[in-house]
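Asks: Have a look at this one before I ask anything.
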Amino acid sequence: MRVRKATGEEMLRLWGYADAGSAPPTVKFFHANLSSGNSLFWTIEREDGELIGELYAFLDLGDTDFADGKDTAYLCAFRVKEGYRGQGLGSELLEHALSELREMGFRSATIGVGKDEPRNLRLYRRFGFLSMVKECHYDPCGMDTDMQPVYEEDAWWLLSKDL
């Protein structure tokens with residue numbers, strides 16, 4: 001297995017869409033940002049080419065608490081397929097992304113976590129995401145049909161770490 005950067009077309013396939021044109025707003029948002037270079041996508045790839053993990057970094061977002069295009073990048077949509085969890089693959093993926101962001105000159109990274117996700121919270125704390133930036137009801141990357149962030153009833157935390 002290896003961690004590598006992936007493309008917007010691979011993201012579409014991983015999420016089950018043939019193209020961005022017919023996809024829901026959030027998928028279009030991710031694809032457009034990958035295409036423009038405002039987002040990066042890393043994956044874990046098996047030897048047979050199957051993508052089993054994903055992590056995205058948005059470099060500049062409307063809410064600079066998340067990503068400001070210069071010093072802070074926002075990590076999101078961090079997933080490892082069910083049968084591959086607990087093997088350290090997610091840690092490898094996260095470390096790889098953080099290292100690349102550091103090499104690009106970013107000084108901090110943010111990531112969101114639900115209050116009811118203790119396993120994710122432990123992982124993020126282990127990686128140094130110790131500062132709570134704010135409590136959120138909007139994810140700047142989760143879009144409605146008007147391409148506006150979707151309100152989420154359950155609040156979640158935006159955490160930060162220095163790179």
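Identifiers for the structure tokens are assigned positionally: chains receive A, B, ... in sequence, residues are indexed from 1 per chain, and ligands are indexed from 1 in the order shown.
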Which residues come within 12 Å of stretch 96-98 of chain A, counting only C-alpha atoms, excluding same-chain residues fewer than 5 positions away, as JSON, numbers by chain?
Replies: {"A": [2, 3, 4, 5, 39, 40, 41, 42, 43, 44, 54, 55, 56, 57, 58, 72, 73, 74, 75, 76, 78, 89, 90, 91, 103, 104, 105, 106, 107, 108, 109, 110, 111, 124, 127, 128, 129, 160, 161, 162, 163]}
Asks: Would you mind exporting N, CA and C atoms of the selected residues as a CSV table (one decimal), in the first residue's frame?
Replies:
```
chain,number,residue,atom,x,y,z
A,2,ARG,N,0.4,2.3,-0.7
A,2,ARG,CA,1.2,3.5,-0.7
A,2,ARG,C,0.2,4.7,-0.6
A,3,VAL,N,0.8,5.8,-0.1
A,3,VAL,CA,0.1,7.0,0.0
A,3,VAL,C,0.6,7.9,-1.2
A,4,ARG,N,-0.4,8.5,-1.9
A,4,ARG,CA,0.0,9.3,-3.0
A,4,ARG,C,-1.0,10.4,-3.3
A,5,LYS,N,-0.7,11.4,-4.0
A,5,LYS,CA,-1.6,12.4,-4.4
A,5,LYS,C,-2.5,11.8,-5.5
A,39,SER,N,-7.2,22.8,-3.7
A,39,SER,CA,-7.4,21.7,-2.9
A,39,SER,C,-6.4,20.6,-3.3
A,40,LEU,N,-6.0,19.8,-2.3
A,40,LEU,CA,-5.1,18.6,-2.6
A,40,LEU,C,-5.8,17.4,-2.1
A,41,PHE,N,-5.6,16.3,-2.7
A,41,PHE,CA,-6.2,15.0,-2.4
A,41,PHE,C,-5.2,13.9,-2.4
A,42,TRP,N,-5.0,13.3,-1.2
A,42,TRP,CA,-4.1,12.2,-1.0
A,42,TRP,C,-5.0,10.9,-0.8
A,43,THR,N,-4.5,9.8,-1.3
A,43,THR,CA,-5.2,8.6,-1.1
A,43,THR,C,-4.2,7.5,-0.7
A,44,ILE,N,-4.8,6.4,-0.1
A,44,ILE,CA,-4.0,5.2,0.1
A,44,ILE,C,-4.4,4.2,-1.0
A,54,GLU,N,-8.8,8.3,1.9
A,54,GLU,CA,-8.8,9.6,1.3
A,54,GLU,C,-8.6,10.7,2.4
A,55,LEU,N,-8.0,11.8,2.0
A,55,LEU,CA,-7.8,13.0,2.8
A,55,LEU,C,-7.6,14.2,1.9
A,56,TYR,N,-8.3,15.3,2.2
A,56,TYR,CA,-8.3,16.5,1.3
A,56,TYR,C,-7.8,17.6,2.2
A,57,ALA,N,-7.1,18.5,1.5
A,57,ALA,CA,-6.7,19.8,2.2
A,57,ALA,C,-7.2,20.9,1.3
A,58,PHE,N,-7.9,21.8,1.9
A,58,PHE,CA,-8.3,23.1,1.2
A,58,PHE,C,-7.4,24.1,1.6
A,72,THR,N,-2.6,28.7,6.9
A,72,THR,CA,-3.5,27.6,7.5
A,72,THR,C,-4.2,26.9,6.4
A,73,ALA,N,-4.2,25.6,6.4
A,73,ALA,CA,-4.9,24.7,5.5
A,73,ALA,C,-5.9,23.9,6.2
A,74,TYR,N,-7.1,23.6,5.6
A,74,TYR,CA,-8.1,22.8,6.3
A,74,TYR,C,-8.2,21.4,5.7
A,75,LEU,N,-8.0,20.4,6.6
A,75,LEU,CA,-8.1,19.0,6.3
A,75,LEU,C,-9.5,18.5,6.4
A,76,CYS,N,-10.0,17.7,5.5
A,76,CYS,CA,-11.4,17.2,5.6
A,76,CYS,C,-11.6,15.9,4.8
A,78,PHE,N,-11.6,12.9,5.6
A,78,PHE,CA,-10.6,11.9,6.0
A,78,PHE,C,-11.2,10.6,6.3
A,89,LEU,N,-3.0,2.8,8.8
A,89,LEU,CA,-3.0,3.5,7.4
A,89,LEU,C,-3.5,4.9,7.5
A,90,GLY,N,-4.5,5.2,8.3
A,90,GLY,CA,-5.0,6.5,8.5
A,90,GLY,C,-3.9,7.4,9.1
A,91,SER,N,-3.2,6.9,10.0
A,91,SER,CA,-2.1,7.7,10.6
A,91,SER,C,-1.0,8.0,9.5
A,103,GLU,N,5.9,21.4,4.0
A,103,GLU,CA,6.9,21.6,2.9
A,103,GLU,C,6.4,22.8,2.0
A,104,MET,N,5.1,22.9,1.9
A,104,MET,CA,4.5,24.0,1.1
A,104,MET,C,4.5,25.3,1.8
A,105,GLY,N,4.9,25.4,3.0
A,105,GLY,CA,5.1,26.6,3.8
A,105,GLY,C,3.9,26.9,4.7
A,106,PHE,N,2.9,26.0,4.8
A,106,PHE,CA,1.8,26.3,5.7
A,106,PHE,C,2.4,26.1,7.1
A,107,ARG,N,1.8,27.0,8.0
A,107,ARG,CA,2.3,26.9,9.4
A,107,ARG,C,1.4,26.2,10.4
A,108,SER,N,0.1,26.0,9.9
A,108,SER,CA,-0.9,25.3,10.7
A,108,SER,C,-1.9,24.6,9.9
A,109,ALA,N,-2.5,23.6,10.5
A,109,ALA,CA,-3.6,22.9,9.8
A,109,ALA,C,-4.8,22.8,10.7
A,110,THR,N,-6.0,22.8,10.2
A,110,THR,CA,-7.2,22.6,10.9
A,110,THR,C,-7.9,21.4,10.5
A,111,ILE,N,-8.7,20.8,11.3
A,111,ILE,CA,-9.5,19.7,11.0
A,111,ILE,C,-10.8,19.7,11.9
A,124,TYR,N,-6.7,12.7,16.3
A,124,TYR,CA,-6.3,14.0,16.1
A,124,TYR,C,-5.5,14.6,17.2
A,127,PHE,N,-2.0,13.5,17.1
A,127,PHE,CA,-1.2,14.2,16.0
A,127,PHE,C,-1.0,15.6,16.3
A,128,GLY,N,-1.5,16.1,17.5
A,128,GLY,CA,-1.2,17.5,17.9
A,128,GLY,C,-2.3,18.5,17.6
A,129,PHE,N,-3.5,18.0,17.2
A,129,PHE,CA,-4.6,18.9,17.1
A,129,PHE,C,-5.2,19.2,18.4
A,160,SER,N,-7.0,22.8,15.7
A,160,SER,CA,-5.9,23.3,15.0
A,160,SER,C,-4.6,22.8,15.5
A,161,LYS,N,-3.5,22.7,14.7
A,161,LYS,CA,-2.2,22.3,15.2
A,161,LYS,C,-1.2,23.1,14.4
A,162,ASP,N,-0.1,23.4,15.0
A,162,ASP,CA,1.1,24.0,14.4
A,162,ASP,C,1.8,23.0,13.6
A,163,LEU,N,2.3,23.3,12.4
A,163,LEU,CA,3.1,22.4,11.6
A,163,LEU,C,4.5,22.7,11.8
```
Asks: Could you pull out the alpha helix (DSSP H) residues of stretch 63-151 of chain A, going by DSSP on the backbone, and write them as a ChimeraX atom specification?
Replies: /A:89-103,118-126
Asks: Counting only C-alpha atoms, which residue out of A:Glu82, A:Ser131, A:Arg122, A:Met147 sits closest to A:Ala32?
Replies: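 Between A:Glu82, A:Ser131, A:Arg122, A:Met147, the residue approaching A:Ala32 most closely is A:Met147.
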Asks: Can you list every residue in stretch 21-115 of chain A that DSSP puts in strand (DSSP E), as an MDAnalysis selection string?
Replies: chainID A and resid 39:45 51:58 72:80 108:114
Asks: Which distance in Å separates atom CA of A:Ala155 and atom CA of A:Asp139, to one decimal?
Replies: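 Between atom CA of A:Ala155 and atom CA of A:Asp139 the gap is 10.2 Å.
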